[in-house]
Amino acid sequence: MMFNAGCWMRRLAVLATATSLLTGCATVASEQRLATVCPPVIEYSREFQARAADELNLLPEASAIAEMIADYSVMRDQARSCRSRSP
């Protein structure tokens with residue numbers, strides 16, 4: 001039984017030493033700052049927006065494309081908000 005205990009003590013000492021030495025190698029903080037990258041927002045002319053609105057009005061009621069355009073509008077607003085908060 002004594003041999004077994006000595007073996008475990010040696011392993012524990014090696015593990016403690018290795019852990020101590022490896023923590024000294026850390027040169028970077030554990031929390032790294034991430035840069036915020038905002039997607040670009042394409043600006044459309046008033047004429048182009050009016051044409052798009054006219055075409056959207058021609059779509060059937062509850063059109064899938066109309067729903068996608070509404071989602072796109074929300075994403076554009078989010079991108080604008082991101083851009084205004086970025087440094």
# chains A, B, ... in the order shown; residues from 1 in each chain; ligands from 1
>>> residues_around(residues="stretch 41-43 of chain A", least_positions_apart="2", cutoff="10 Å", atoms="only C-alpha atoms", output="MDAnalysis selection string")
chainID A and resid 38:39 45:46 49 75:80 83
>>> write_last_selection(atoms="C-alpha atoms", output="CSV table (one decimal), in the first residue's frame")
chain,number,residue,atom,x,y,z
A,38,CYS,CA,-21.3,46.5,-38.8
A,39,PRO,CA,-22.6,45.5,-42.3
A,45,SER,CA,-32.3,57.2,-54.3
A,46,ARG,CA,-35.9,58.5,-53.6
A,49,GLN,CA,-37.4,53.7,-53.5
A,75,MET,CA,-32.0,44.4,-40.8
A,76,ARG,CA,-31.2,47.7,-42.5
A,77,ASP,CA,-32.4,49.5,-39.3
A,78,GLN,CA,-30.3,47.3,-37.2
A,79,ALA,CA,-27.2,47.9,-39.4
A,80,ARG,CA,-27.8,51.7,-39.1
A,83,ARG,CA,-23.0,51.9,-37.3
>>> atom_distance(atom1="atom CA of A:Ser84", atom2="atom CA of A:Pro40")
11.8 Å
